[in-house]
Every structure is written in structure tokens, then in C-alpha cells.
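K.L.:
Next comes entry_4.txt, compact mmCIF, C-alpha atoms and all ligand atoms:
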# COMPACT_ATOMS: atom_id res chain seq x y z
CA MET Y 655 -23.61 -9.63 -6.13
CA ARG Y 656 -23.78 -13.35 -5.35
CA LEU Y 657 -20.95 -15.76 -4.77
CA PRO Y 658 -20.29 -18.03 -7.75
CA PRO Y 659 -22.34 -21.24 -7.37
CA GLN Y 660 -19.36 -23.58 -7.01
CA HIS Y 661 -18.51 -21.91 -3.67
CA PRO Y 662 -21.86 -21.44 -1.96
CA LEU Y 663 -20.40 -21.36 1.55
CA ARG Y 664 -18.60 -18.43 3.06
CA PRO Y 665 -15.81 -20.13 5.03
CA ALA Y 666 -15.81 -19.70 8.78
CA LEU Y 667 -12.61 -18.76 10.60
CA PRO Y 668 -10.36 -21.75 11.42
CA PRO Y 669 -10.66 -22.77 15.11
CA ASP Y 670 -7.09 -21.68 15.95
CA TRP Y 671 -7.53 -18.17 14.45
CA PRO Y 672 -5.81 -15.58 16.71
CA GLU Y 673 -7.35 -12.52 18.33
CA PRO Y 674 -7.27 -9.50 15.97
CA GLU Y 675 -4.46 -7.85 17.95
CA ALA Y 676 -2.24 -10.92 17.36
CA LEU Y 677 -2.77 -11.15 13.58
CA GLY Y 678 0.15 -8.90 12.70
CA PHE Y 679 0.42 -8.31 8.97
CA GLY Y 680 0.47 -10.69 6.02
CA GLN Y 681 0.48 -14.08 7.73
CA TYR Y 682 -3.19 -15.01 8.07
CA LEU Y 683 -4.35 -15.40 4.49
CA GLY Y 684 -7.90 -16.03 3.34
CA PRO Y 685 -8.54 -19.37 1.61
CA TYR Y 686 -9.71 -17.98 -1.77
CA LEU Y 687 -8.40 -15.83 -4.59
CA ALA Y 688 -10.84 -13.65 -6.53
CA GLU Y 689 -9.55 -13.81 -10.08
CA ALA Y 690 -10.10 -12.81 -13.69
CA GLN Y 691 -8.08 -13.98 -16.70
CA HIS Y 692 -7.09 -11.75 -19.60
CA ARG Y 693 -6.28 -13.00 -23.10
CA ASP Y 694 -5.10 -10.61 -25.81
CA ASP Y 695 -7.49 -12.33 -28.24
CA GLY Y 696 -10.50 -12.47 -25.91
CA GLY Y 697 -10.25 -9.68 -23.33
CA TRP Y 698 -11.25 -10.14 -19.69
CA ALA Y 699 -13.09 -13.30 -18.64
CA ALA Y 700 -15.77 -13.37 -15.92
CA PRO Y 701 -14.49 -13.29 -12.30
CA SER Y 702 -14.16 -16.54 -10.41
CA LEU Y 703 -12.98 -17.82 -7.05
CA THR Y 704 -10.02 -20.22 -6.81
CA PRO Y 705 -8.85 -21.99 -3.64
CA ARG Y 706 -5.61 -20.14 -2.90
CA THR Y 707 -3.42 -23.20 -2.42
CA ALA Y 708 -4.64 -24.74 -5.69
CA ALA Y 709 -3.87 -21.70 -7.90
CA PRO Y 710 -1.34 -22.68 -10.57
CA VAL Y 711 1.67 -20.43 -11.28
CA ALA Y 712 4.16 -21.72 -13.87
CA VAL Y 713 7.87 -21.18 -13.18
CA ALA Y 714 8.45 -20.43 -16.87
CA CYS Y 715 5.95 -17.53 -16.94
CA GLY Y 716 6.71 -13.84 -17.59
CA ALA Y 717 5.91 -12.85 -14.01
CA VAL Y 718 8.44 -15.24 -12.47
CA GLN Y 719 11.10 -14.89 -15.16
CA TYR Y 720 10.97 -11.20 -16.07
CA GLY Y 721 9.00 -9.55 -13.26
CA LEU Y 722 5.95 -8.87 -15.45
CA SER Y 723 3.75 -8.19 -12.47
CA VAL Y 724 2.21 -5.18 -10.72
CA PHE Y 725 0.13 -5.04 -7.58
CA GLU Y 726 -1.93 -2.99 -5.15
CA GLY Y 727 -2.57 -2.97 -1.42
CA LEU Y 728 -5.86 -1.72 0.01
CA LYS Y 729 -7.97 -2.41 3.06
CA ALA Y 730 -11.53 -3.31 4.01
CA PHE Y 731 -12.87 -2.30 7.43
CA ARG Y 732 -15.88 -3.27 9.53
CA ALA Y 733 -18.04 -0.35 10.67
CA ALA Y 734 -19.70 -0.17 14.10
CA ASP Y 735 -22.98 -1.51 12.62
CA GLY Y 736 -21.18 -4.63 11.31
CA SER Y 737 -21.22 -3.57 7.65
CA ILE Y 738 -17.97 -3.80 5.65
CA HIS Y 739 -16.46 -1.18 3.37
CA LEU Y 740 -13.42 -0.86 1.13
CA PHE Y 741 -11.22 2.21 1.58
CA ARG Y 742 -10.66 4.26 -1.60
CA PRO Y 743 -10.81 1.28 -4.00
CA LEU Y 744 -11.12 3.54 -7.04
CA ALA Y 745 -7.83 5.30 -6.27
CA HIS Y 746 -6.16 1.88 -6.05
CA ALA Y 747 -7.82 0.75 -9.31
CA ARG Y 748 -6.41 3.79 -11.09
CA ARG Y 749 -2.93 3.32 -9.65
CA LEU Y 750 -2.96 -0.33 -10.76
CA GLN Y 751 -3.85 0.85 -14.26
CA ALA Y 752 -0.94 3.31 -14.20
CA SER Y 753 1.46 0.60 -13.01
CA ALA Y 754 0.16 -1.77 -15.72
CA ARG Y 755 0.68 0.90 -18.41
CA ARG Y 756 4.29 1.39 -17.34
CA LEU Y 757 5.03 -2.33 -17.66
CA GLY Y 758 2.94 -2.87 -20.80
CA LEU Y 759 0.41 -5.14 -19.07
CA PRO Y 760 -3.34 -4.99 -19.88
CA GLU Y 761 -5.13 -2.34 -17.80
CA PRO Y 762 -7.99 -3.84 -15.80
CA PRO Y 763 -11.16 -1.72 -16.12
CA GLU Y 764 -12.12 0.04 -12.87
CA GLU Y 765 -15.44 -1.87 -12.70
CA LEU Y 766 -13.62 -5.21 -12.92
CA PHE Y 767 -11.18 -4.19 -10.18
CA LEU Y 768 -14.06 -3.13 -7.93
CA LEU Y 769 -16.05 -6.29 -8.67
CA LEU Y 770 -13.09 -8.50 -7.78
CA CYS Y 771 -12.41 -6.54 -4.59
CA ARG Y 772 -16.05 -6.89 -3.56
CA LEU Y 773 -16.00 -10.61 -4.35
CA ALA Y 774 -12.80 -11.11 -2.33
CA VAL Y 775 -14.33 -9.29 0.64
CA GLU Y 776 -17.70 -11.00 0.37
CA VAL Y 777 -16.28 -14.52 0.38
CA HIS Y 778 -13.99 -13.60 3.30
CA ALA Y 779 -16.58 -11.61 5.25
CA GLU Y 780 -15.90 -13.69 8.38
CA TYR Y 781 -12.21 -12.78 8.10
CA VAL Y 782 -12.77 -9.03 8.44
CA PRO Y 783 -11.81 -8.19 12.06
CA PRO Y 784 -14.36 -6.56 14.36
CA HIS Y 785 -14.92 -2.81 14.24
CA GLY Y 786 -11.85 -0.83 15.29
CA ARG Y 787 -9.67 -3.91 15.79
CA GLY Y 788 -7.95 -4.38 12.44
CA SER Y 789 -8.74 -4.77 8.77
CA LEU Y 790 -8.75 -7.14 5.83
CA TYR Y 791 -5.85 -6.25 3.53
CA LEU Y 792 -6.41 -6.98 -0.16
CA ARG Y 793 -3.49 -7.64 -2.49
CA PRO Y 794 -4.65 -7.40 -6.12
CA THR Y 795 -1.85 -8.71 -8.36
CA LEU Y 796 -1.79 -8.46 -12.15
CA PHE Y 797 0.74 -10.76 -13.74
CA ALA Y 798 1.79 -12.51 -16.95
CA ASP Y 799 0.93 -16.18 -16.34
CA GLU Y 800 1.68 -17.48 -19.82
CA GLU Y 801 4.42 -20.12 -20.10
CA GLY Y 802 7.35 -19.44 -22.45
CA LEU Y 803 10.96 -18.50 -21.81
CA GLY Y 804 11.49 -15.95 -24.61
CA LEU Y 805 11.69 -12.30 -23.57
CA ARG Y 806 8.54 -10.74 -25.03
CA PRO Y 807 5.30 -9.18 -23.85
CA ALA Y 808 2.87 -11.91 -22.78
CA THR Y 809 -0.56 -12.44 -24.32
CA ARG Y 810 -2.13 -14.02 -21.22
CA HIS Y 811 -2.44 -12.39 -17.82
CA ARG Y 812 -4.32 -12.88 -14.57
CA LEU Y 813 -5.61 -10.38 -12.03
CA SER Y 814 -5.77 -12.20 -8.74
CA ILE Y 815 -6.72 -10.87 -5.29
CA ALA Y 816 -5.36 -12.52 -2.17
CA VAL Y 817 -6.48 -11.28 1.25
CA THR Y 818 -4.94 -11.31 4.69
CA ALA Y 819 -6.55 -10.35 7.97
CA CYS Y 820 -4.37 -7.96 9.92
CA SER Y 821 -4.10 -6.08 13.18
CA ASP Y 822 -4.16 -2.33 13.42
CA PRO Y 823 -0.50 -1.36 13.15
CA PRO Y 824 0.95 -0.05 16.43
CA LEU Y 825 1.84 3.65 16.41
CA LYS Y 826 5.54 3.25 15.77
CA ALA Y 827 8.36 5.75 16.20
CA LEU Y 828 10.97 5.00 13.55
CA ARG Y 829 14.64 5.76 13.06
CA LEU Y 830 15.42 5.91 9.34
CA TRP Y 831 18.67 5.39 7.46
CA ALA Y 832 19.23 7.74 4.49
CA GLU Y 833 20.90 5.32 2.10
CA PRO Y 834 23.97 7.07 0.62
CA GLU Y 835 25.03 4.53 -2.06
CA LEU Y 836 22.27 2.22 -3.29
CA ILE Y 837 19.36 3.73 -5.21
CA ARG Y 838 15.81 2.49 -5.62
CA ALA Y 839 14.61 4.53 -8.60
CA ALA Y 840 15.70 7.11 -11.15
CA PRO Y 841 13.68 9.45 -13.41
CA GLY Y 842 12.16 7.46 -16.26
CA GLY Y 843 12.44 4.21 -14.32
CA LEU Y 844 9.91 2.17 -12.39
CA GLY Y 845 9.77 4.12 -9.12
CA ALA Y 846 6.17 5.30 -9.53
CA ALA Y 847 4.91 1.81 -10.46
CA LYS Y 848 3.89 -0.63 -7.75
CA THR Y 849 5.93 -3.53 -9.03
CA GLY Y 850 8.10 -6.16 -7.41
CA ALA Y 851 11.35 -4.86 -8.94
CA ASN Y 852 11.20 -1.77 -6.70
CA TYR Y 853 10.90 -3.88 -3.58
CA ALA Y 854 13.62 -6.28 -4.72
CA ALA Y 855 15.85 -3.24 -5.30
CA GLY Y 856 14.89 -1.92 -1.88
CA LEU Y 857 15.57 -4.94 0.30
CA GLY Y 858 19.35 -4.48 0.13
CA GLY Y 859 18.91 -0.97 1.53
CA LEU Y 860 16.65 -2.25 4.29
CA ARG Y 861 19.28 -4.82 5.28
CA ARG Y 862 21.95 -2.11 5.39
CA ALA Y 863 19.67 0.11 7.49
CA GLN Y 864 18.88 -2.67 9.94
CA ALA Y 865 22.54 -3.65 10.23
CA ARG Y 866 23.16 -0.10 11.49
CA GLY Y 867 20.34 -0.31 14.02
CA TYR Y 868 17.75 1.63 11.98
CA ASP Y 869 14.16 0.53 11.40
CA ASP Y 870 13.83 1.37 7.71
CA VAL Y 871 15.53 3.11 4.83
CA VAL Y 872 14.91 6.53 3.24
CA TRP Y 873 15.69 6.48 -0.45
CA LEU Y 874 17.56 9.48 -1.84
CA ASP Y 875 17.64 10.77 -5.42
CA ALA Y 876 19.79 8.87 -7.91
CA PHE Y 877 22.08 11.75 -8.97
CA THR Y 878 23.09 13.75 -5.91
CA HIS Y 879 22.11 11.30 -3.14
CA THR Y 880 20.84 14.26 -1.12
CA GLN Y 881 17.10 14.67 -1.84
CA LEU Y 882 14.53 12.63 0.10
CA GLY Y 883 12.27 10.28 -1.87
CA GLU Y 884 10.29 7.80 0.21
CA ALA Y 885 10.82 5.09 2.79
CA GLY Y 886 10.54 1.34 2.07
CA THR Y 887 6.73 1.28 1.99
CA MET Y 888 5.81 4.81 3.07
CA ASN Y 889 5.68 8.35 1.75
CA LEU Y 890 7.38 11.03 3.86
CA PHE Y 891 6.13 14.23 5.49
CA VAL Y 892 8.18 16.77 7.47
CA GLN Y 893 6.93 19.76 9.44
CA ILE Y 894 9.14 22.81 8.91
CA GLY Y 895 8.04 26.02 10.59
CA ASP Y 896 4.34 26.48 9.94
CA GLU Y 897 4.13 24.23 6.89
CA VAL Y 898 4.31 20.52 6.15
CA VAL Y 899 6.53 19.46 3.25
CA THR Y 900 6.36 16.22 1.27
CA PRO Y 901 8.49 15.18 -1.73
CA PRO Y 902 6.74 15.71 -5.09
CA LEU Y 903 5.39 12.95 -7.34
CA ASP Y 904 8.28 13.20 -9.80
CA GLY Y 905 8.00 9.68 -11.14
CA THR Y 906 10.53 8.17 -8.74
CA ILE Y 907 8.17 7.57 -5.80
CA LEU Y 908 4.81 5.89 -5.39
CA ALA Y 909 1.75 8.16 -5.43
CA GLY Y 910 0.50 6.95 -2.05
CA VAL Y 911 -3.23 6.89 -1.45
CA THR Y 912 -2.60 7.57 2.25
CA ARG Y 913 -0.34 10.47 1.20
CA ASP Y 914 -3.25 11.93 -0.75
CA CYS Y 915 -5.61 11.48 2.24
CA VAL Y 916 -3.13 13.14 4.60
CA ILE Y 917 -2.56 16.11 2.27
CA GLN Y 918 -6.32 16.64 2.10
CA LEU Y 919 -6.83 16.26 5.86
CA LEU Y 920 -3.99 18.66 6.67
CA ARG Y 921 -5.28 21.28 4.24
CA GLU Y 922 -8.82 20.93 5.62
CA GLY Y 923 -7.32 21.57 9.06
CA GLY Y 924 -5.76 24.81 7.81
CA VAL Y 925 -2.19 23.49 7.57
CA ARG Y 926 -0.12 24.61 4.58
CA VAL Y 927 1.21 21.56 2.69
CA THR Y 928 3.92 21.99 0.07
CA GLU Y 929 4.98 19.30 -2.36
CA MET Y 930 8.61 20.09 -3.04
CA ALA Y 931 12.11 18.64 -3.14
CA LEU Y 932 13.46 18.20 0.36
CA GLY Y 933 17.19 17.73 0.93
CA LEU Y 934 19.03 16.38 3.95
CA ASP Y 935 20.80 19.76 4.14
CA ASP Y 936 17.41 21.53 4.24
CA LEU Y 937 16.44 19.37 7.20
CA ALA Y 938 19.75 20.03 8.97
CA ALA Y 939 19.39 23.80 8.38
CA ALA Y 940 15.82 23.77 9.70
CA GLU Y 941 17.00 21.82 12.73
CA SER Y 942 19.75 24.38 13.45
CA ALA Y 943 17.25 27.22 13.06
CA GLY Y 944 14.86 25.53 15.50
CA LEU Y 945 12.23 25.17 12.75
CA LEU Y 946 12.17 21.40 12.44
CA GLY Y 947 8.93 19.94 13.78
CA THR Y 948 7.66 16.40 13.53
CA ALA Y 949 8.10 13.93 10.66
CA PHE Y 950 6.06 10.90 9.71
CA GLY Y 951 5.58 8.26 7.06
CA THR Y 952 2.26 7.25 5.49
CA GLY Y 953 1.11 4.00 3.91
CA THR Y 954 -1.84 1.60 3.75
CA ALA Y 955 -0.11 -1.05 5.85
CA ALA Y 956 1.72 1.28 8.26
CA ARG Y 957 -0.96 4.00 8.29
CA ILE Y 958 0.94 6.86 9.98
CA ALA Y 959 4.29 6.22 11.63
CA ARG Y 960 6.20 8.94 13.45
CA ILE Y 961 9.83 9.39 12.44
CA VAL Y 962 12.19 10.08 15.33
CA SER Y 963 15.31 10.75 13.30
CA ILE Y 964 17.05 10.29 9.94
CA GLY Y 965 20.75 9.41 9.90
CA ASP Y 966 23.19 9.13 7.00
CA GLY Y 967 26.31 7.93 8.79
CA VAL Y 968 27.60 11.49 9.21
CA ARG Y 969 24.77 13.20 11.07
CA GLU Y 970 21.55 12.30 12.81
CA ILE Y 971 18.69 14.73 12.15
CA ARG Y 972 16.17 14.62 14.99
CA PHE Y 973 12.50 15.52 14.69
CA ARG Y 974 10.24 16.84 17.45
CA ASP Y 975 7.50 14.76 18.97
CA THR Y 976 4.41 16.90 18.38
CA VAL Y 977 0.78 15.77 18.42
CA LEU Y 978 0.49 16.07 14.64
CA ALA Y 979 1.21 12.44 13.65
CA ALA Y 980 -0.94 10.98 16.43
CA SER Y 981 -3.86 13.30 15.71
CA LEU Y 982 -3.69 12.56 11.96
CA ALA Y 983 -3.57 8.84 12.74
CA ALA Y 984 -6.69 9.16 14.92
CA GLU Y 985 -8.47 11.23 12.27
CA LEU Y 986 -7.65 8.71 9.54
CA LYS Y 987 -8.69 5.80 11.72
CA SER Y 988 -12.09 7.33 12.45
CA ILE Y 989 -12.68 7.90 8.72
CA GLN Y 990 -11.47 4.39 7.80
CA SER Y 991 -13.59 2.79 10.55
CA GLY Y 992 -16.68 4.70 9.44
CA ASP Y 993 -17.00 6.49 12.79
CA THR Y 994 -17.50 9.89 11.18
CA ALA Y 995 -19.54 11.21 8.29
CA ARG Y 996 -16.43 12.99 6.99
CA HIS Y 997 -15.10 11.75 3.68
CA ALA Y 998 -17.86 9.16 3.36
CA ALA Y 999 -17.01 9.01 -0.35
CA TRP Y 1000 -13.70 7.33 0.55
CA ARG Y 1001 -15.67 4.33 1.84
CA GLU Y 1002 -17.27 1.87 -0.59
CA THR Y 1003 -19.74 -0.41 1.18
CA VAL Y 1004 -19.66 -4.09 0.25
CA SER Y 1005 -23.04 -5.75 0.44
CA ILE Y 1006 -22.81 -9.21 1.97
CA SER Y 1007 -25.53 -11.58 0.81
CA THR Y 1008 -26.98 -13.78 3.50
CA GLY Y 1009 -28.54 -16.48 1.32
C1 LIG Y 1101 7.15 2.21 -1.96
C2 LIG Y 1101 5.89 2.69 -1.33
N1 LIG Y 1101 5.71 4.00 -1.14
C3 LIG Y 1101 4.58 4.48 -0.56
C4 LIG Y 1101 3.58 3.61 -0.15
C5 LIG Y 1101 2.32 4.17 0.44
O1 LIG Y 1101 1.26 4.05 -0.49
P1 LIG Y 1101 -0.24 3.86 0.01
O2 LIG Y 1101 -0.51 4.97 0.94
O3 LIG Y 1101 -1.06 3.94 -1.23
O4 LIG Y 1101 -0.32 2.54 0.66
C6 LIG Y 1101 3.74 2.24 -0.31
C7 LIG Y 1101 2.69 1.30 0.13
O5 LIG Y 1101 1.93 0.85 -0.66
C8 LIG Y 1101 4.91 1.76 -0.92
O6 LIG Y 1101 5.09 0.45 -1.10
What would you get if you wrote out this structure as C-alpha cells?
Ligand SMILES: Cc1ncc(COP(=O)(O)O)c(C=O)c1O
P.N.:
Amino acid sequence: MRLPPQHPLRPALPPDWPEPEALGFGQYLGPYLAEAQHRDDGGWAAPSLTPRTAAPVAVACGAVQYGLSVFEGLKAFRAADGSIHLFRPLAHARRLQASARRLGLPEPPEELFLLLCRLAVEVHAEYVPPHGRGSLYLRPTLFADEEGLGLRPATRHRLSIAVTACSDPPLKALRLWAEPELIRAAPGGLGAAKTGANYAAGLGGLRRAQARGYDDVVWLDAFTHTQLGEAGTMNLFVQIGDEVVTPPLDGTILAGVTRDCVIQLLREGGVRVTEMALGLDDLAAAESAGLLGTAFGTGTAARIARIVSIGDGVREIRFRDTVLAASLAAELKSIQSGDTARHAAWRETVSISTG
């Protein structure tokens, strides 16, 4: 794949670019968007590159007015030999299609998604941090960019990939607030779609959690406010006795790609993983019986974050600090960095042209 002729140069890093460890997440954006337009009467147009700050978005479009927008978040890593690979891009392509279906947006073909991801990485090859010191996060966004204020499905959409160079997240130990009043999703709603409405609905809960001194929120089910769903941007896992339990994909939580990796890695390591409803009372009972082990959250941005405790204003359920989260984090990092031959199929190499 070659860069489009109007952008023959791969931009170098700006002179004041920070060290990888100081990038954090989401602030250091690449200068281009890899994009493709969709018209109901013409299908998908050929991919192109647009300078990010010149990309037009109309205020009166369906994405801004009615939230007609879905997105993905995936990462590219640099291997020890300097080559660059995307991590599980096909899984992200399929989840974007599922999100698009739920909102009635056109589903980008997998090949187009992969082509745009490769283009975004190739043009920003200099922005991918060195091996083992961070990643390039890709944010594919599919949105209705047609102007018009009437409430109706749009006929024109754009799939646009922005990138941001980021540090490896620190191994955090989180205290989570089980939100007793607000809900994020209900059966039949948007919970399983990666769409802005879920995050808009979630920010109020995050504020309430932080006001109480917690790091993040755990969303509970909409009816009984007792069953665990997911955290703000992470799926949840809890060790109880000799098994690891994670809430099921019941349509109210995101089907995390990291969740899927972790389930596979645990099972390969001989650990029993059960996808089942998990209530706060179940956790409290396991704690009293001395069966409660460690707990952790999983996500592309956070990777694996240990959970110290979950509180709901009445009780504080405390998890043990075992090696499980740290060893899974190390295992995942070695696979993502390309340091092991294991799960090589999860890595999709991006060829970077030199001419
Ligand atoms: C609400 C929510 N749940 C779970 C996840 C974890 O999903 P993944 O592992 O695919 O990043 C994310 C992050 O994308 C998220 O935003």
C-alpha cells in the first residue's frame, strides 16, 4: 500500500514531542485523518488522507445533533525489530459493524476498515512509540456528516480514523463506586454499542464516584441495581474460589476485545472462567466465606487494572492482591509487543513503504 500522492511525506515528530512515558493518553494526536466517505447512492469512496485540523464537521449534521456516530479504539505497537502491527483489528472491525447496525448506520466492510487502519498507521509511522514504550491508539469513528436538522436517518456518512500516540498505562489499583441510582444501559438499549450516548450517560456516574473519592464507576443493572455490568471503559473480572467470573454479554455491556483475550489466556492457563451474572451480594458472601480473590478491569486503553475494592455507600467489598492481574498484564503486553510467538494471529503487520 502506498500513501496517496498528495501526501508523499510521512511527517516527522514535532521537535517538542515528549518522551513516550510522558505522552499519557489522548493528547498527542497525529496530523492526519484516514477517511472514507459513504453515500447511500454511491457506496464507499476510495480512502484518502485529510489534515486533521482542516476536516470539516457541520454543526447541523446528524452526528452532532442526534448522536448518529459510533466508534472503535484499537492500538498499533512497534515490535523489537522495528516493524509495526495492529492488535486484533478484525475484532474491532466486526464490533464497529455491530455498533453501526444498532444505530442504522452503513456497515463498513472489514477490508475497508483494515485498509484505513493501515493507512493511518503508515502515515503516522514516526508517531508509533519505540518497542515496549507505548502504542499508537487509533480511533475509527463512523458518523452522519450530512447537514439537515430534521430527525431522519442520514444518507451521507464518513468513517474517519484519528490517531494519538500514548504511553503504556501504569498498572493502577482502582477503587470503584457501584452506582446505586443512575443507570448506563438497559436490555434492548445501546449498552453493547460503542457510541457516544453511553459515555455521555456515564459521565454523571463518574463525577458522582469521584466526588466520593473513588476512581471510577461500576454500572449496575437497570432493574434491581444489584448486578455488576462494567466500569466506565473496562469490563470486569472477579476471582471467586478457584474460578474467575465475568458478567455475560447480555446486550447491556460492551463486548470488550481485551475481555475476549483475557478469557482465552486464562483458559489456556487452566483457569476456569465463567460468564455469569454477578451481584454485589454474591461478592459480599464470597468475601465473608474467605473465597474472594482478586478483581480487575480490562480495556484497550487501560489494559488490565487491578480493583482494590467496590463500594456502594453501605459497604466496601475488598479484593485480595494476588499475582493474577499483574501476570495477565505481563502476558498480554508480551503478546501485544510481539515478544512471543503466542497468538501471532492477533497481530496484523503493517508494511511501511520507504519510497
Ligand atoms: C464501556 C466500555 N466497556 C469495555 C471496554 C473494553 O473494551 P476493549 O477491551 O475492546 O477496549 C471499553 C473500551 O473500549 C469501554 O468503553
K.L.:
Between atom CA of Y:Arg960 and atom CA of Y:Leu677, measure the distance and give it in Å to one decimal.
P.N.:
22.0 Å
K.L.:
Kindly work out which residues sit at most 9 Å from ligand LIG 1101 (chain Y), using all atoms listed in the file, and give the list as a VMD selection string.
P.N.:
chain Y and resid 726 to 728 745 to 746 749 845 to 849 852 to 853 856 884 to 890 907 to 915 951 to 957
K.L.:
With all atoms listed in the file as the atoms that count, which of Y:Phe950, Y:Phe679, Y:Phe973, Y:Trp1000 lies nearest to Y:Leu740?
P.N.:
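For Y:Leu740, the nearest of the candidates is Y:Trp1000.
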K.L.:
As a list in words, please: the residues near Y:Arg756 (cut-off 9 Å, only C-alpha atoms, same-chain neighbours under 3 positions excluded).
P.N.:
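Counting only the stated atoms, we get Gln751, Ala752, Ser753, Leu759, Leu844, Ala846 and Ala847 of chain Y.
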K.L.:
Go ahead and save the residues from that selection, with C-alpha atoms, as a short mmCIF file (atom, residue, chain, number, x, y, z; two decimals), in the coordinates of the input.
P.N.:
data_model
loop_
_atom_site.label_atom_id
_atom_site.label_comp_id
_atom_site.auth_asym_id
_atom_site.auth_seq_id
_atom_site.Cartn_x
_atom_site.Cartn_y
_atom_site.Cartn_z
CA GLN Y 751 -3.85 0.85 -14.26
CA ALA Y 752 -0.94 3.31 -14.20
CA SER Y 753 1.46 0.60 -13.01
CA LEU Y 759 0.41 -5.14 -19.07
CA LEU Y 844 9.91 2.17 -12.39
CA ALA Y 846 6.17 5.30 -9.53
CA ALA Y 847 4.91 1.81 -10.46
#
K.L.:
Show which residues sit within 9 Å of Y:Leu934, as a list in words. Count only C-alpha atoms, and ignore same-chain residues fewer than 5 positions away.
P.N.:
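Listing them by chain and then by number gives Ala832, Thr880, Gln881, Leu882, Ala939, Ile964, Asp966 and Ile971 of chain Y.
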K.L.:
With 8 Å of padding per side, what axis-aligned box (centre and edge lengths, Å, one decimal) covers all the listed atoms of stretch 812-831 of chain Y? Give it as AutoDock Vina command-line options.
P.N.:
--center_x 6.0 --center_y -3.5 --center_z 0.9 --size_x 41.4 --size_y 34.8 --size_z 47.0
K.L.:
If we count all atoms listed in the file, what is near stretch 771-786 of chain Y at a cut-off of 9 Å, once residues fewer than 3 positions away on the same chain are taken out, given as a tab-separated table (two decimals) with C-alpha atoms, in the frame of the given file?
P.N.:
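Saved the output as result14.tsv:
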chain	number	residue	atom	x	y	z
Y	655	MET	CA	-23.61	-9.63	-6.13
Y	656	ARG	CA	-23.78	-13.35	-5.35
Y	657	LEU	CA	-20.95	-15.76	-4.77
Y	661	HIS	CA	-18.51	-21.91	-3.67
Y	663	LEU	CA	-20.40	-21.36	1.55
Y	664	ARG	CA	-18.60	-18.43	3.06
Y	665	PRO	CA	-15.81	-20.13	5.03
Y	666	ALA	CA	-15.81	-19.70	8.78
Y	667	LEU	CA	-12.61	-18.76	10.60
Y	673	GLU	CA	-7.35	-12.52	18.33
Y	674	PRO	CA	-7.27	-9.50	15.97
Y	684	GLY	CA	-7.90	-16.03	3.34
Y	685	PRO	CA	-8.54	-19.37	1.61
Y	686	TYR	CA	-9.71	-17.98	-1.77
Y	687	LEU	CA	-8.40	-15.83	-4.59
Y	688	ALA	CA	-10.84	-13.65	-6.53
Y	689	GLU	CA	-9.55	-13.81	-10.08
Y	701	PRO	CA	-14.49	-13.29	-12.30
Y	702	SER	CA	-14.16	-16.54	-10.41
Y	703	LEU	CA	-12.98	-17.82	-7.05
Y	730	ALA	CA	-11.53	-3.31	4.01
Y	731	PHE	CA	-12.87	-2.30	7.43
Y	732	ARG	CA	-15.88	-3.27	9.53
Y	733	ALA	CA	-18.04	-0.35	10.67
Y	734	ALA	CA	-19.70	-0.17	14.10
Y	735	ASP	CA	-22.98	-1.51	12.62
Y	736	GLY	CA	-21.18	-4.63	11.31
Y	738	ILE	CA	-17.97	-3.80	5.65
Y	739	HIS	CA	-16.46	-1.18	3.37
Y	740	LEU	CA	-13.42	-0.86	1.13
Y	743	PRO	CA	-10.81	1.28	-4.00
Y	766	LEU	CA	-13.62	-5.21	-12.92
Y	767	PHE	CA	-11.18	-4.19	-10.18
Y	768	LEU	CA	-14.06	-3.13	-7.93
Y	789	SER	CA	-8.74	-4.77	8.77
Y	790	LEU	CA	-8.75	-7.14	5.83
Y	791	TYR	CA	-5.85	-6.25	3.53
Y	792	LEU	CA	-6.41	-6.98	-0.16
Y	794	PRO	CA	-4.65	-7.40	-6.12
Y	815	ILE	CA	-6.72	-10.87	-5.29
Y	816	ALA	CA	-5.36	-12.52	-2.17
Y	817	VAL	CA	-6.48	-11.28	1.25
Y	818	THR	CA	-4.94	-11.31	4.69
Y	819	ALA	CA	-6.55	-10.35	7.97
Y	820	CYS	CA	-4.37	-7.96	9.92
Y	821	SER	CA	-4.10	-6.08	13.18
Y	822	ASP	CA	-4.16	-2.33	13.42
Y	987	LYS	CA	-8.69	5.80	11.72
Y	988	SER	CA	-12.09	7.33	12.45
Y	991	SER	CA	-13.59	2.79	10.55
Y	1003	THR	CA	-19.74	-0.41	1.18
Y	1004	VAL	CA	-19.66	-4.09	0.25
Y	1005	SER	CA	-23.04	-5.75	0.44
Y	1006	ILE	CA	-22.81	-9.21	1.97
Y	1007	SER	CA	-25.53	-11.58	0.81
K.L.:
How many Å lie between atom CA of Y:Gly696 and atom CA of Y:Gly850, rounded to one decimal?
P.N.:
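Value for the atom CA of Y:Gly696-atom CA of Y:Gly850 distance: 27.0 Å.
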K.L.:
Neighbouring residues of Y:Gly842 were defined as those with any atom within 8 Å, considering only C-alpha atoms; residues of the same chain fewer than 2 positions away were excluded. Please report them as number ranges by chain.
P.N.:
Y: 840, 844, 905-906
K.L.:
Can you work out the spacing between atom CA of Y:Pro762 and atom CA of Y:Gly697 in Å, to one decimal?
P.N.:
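Interatomic distance, atom CA of Y:Pro762 to atom CA of Y:Gly697: 9.8 Å.
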K.L.:
List the neighbours of Y:Thr976 out to 10 Å using only C-alpha atoms; skip same-chain residues closer than 4 positions along the sequence, and give me the result as a PyMOL selection string.
P.N.:
chain Y and resi 893+947-949+960+980-981
K.L.:
Looking at all atoms listed in the file, which of Y:Gly933, Y:Gly924, Y:Pro823, Y:Gly843 is the one that sits closest to Y:Glu675?
P.N.:
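Answer, going by the shortest atom-to-atom distance: Y:Pro823.
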K.L.:
Nearest residue to Y:Glu764 out of Y:Pro669, Y:Arg974, Y:Ser737, Y:Arg748, using only C-alpha atoms?
P.N.:
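Smallest separation from Y:Glu764 among the options: Y:Arg748.
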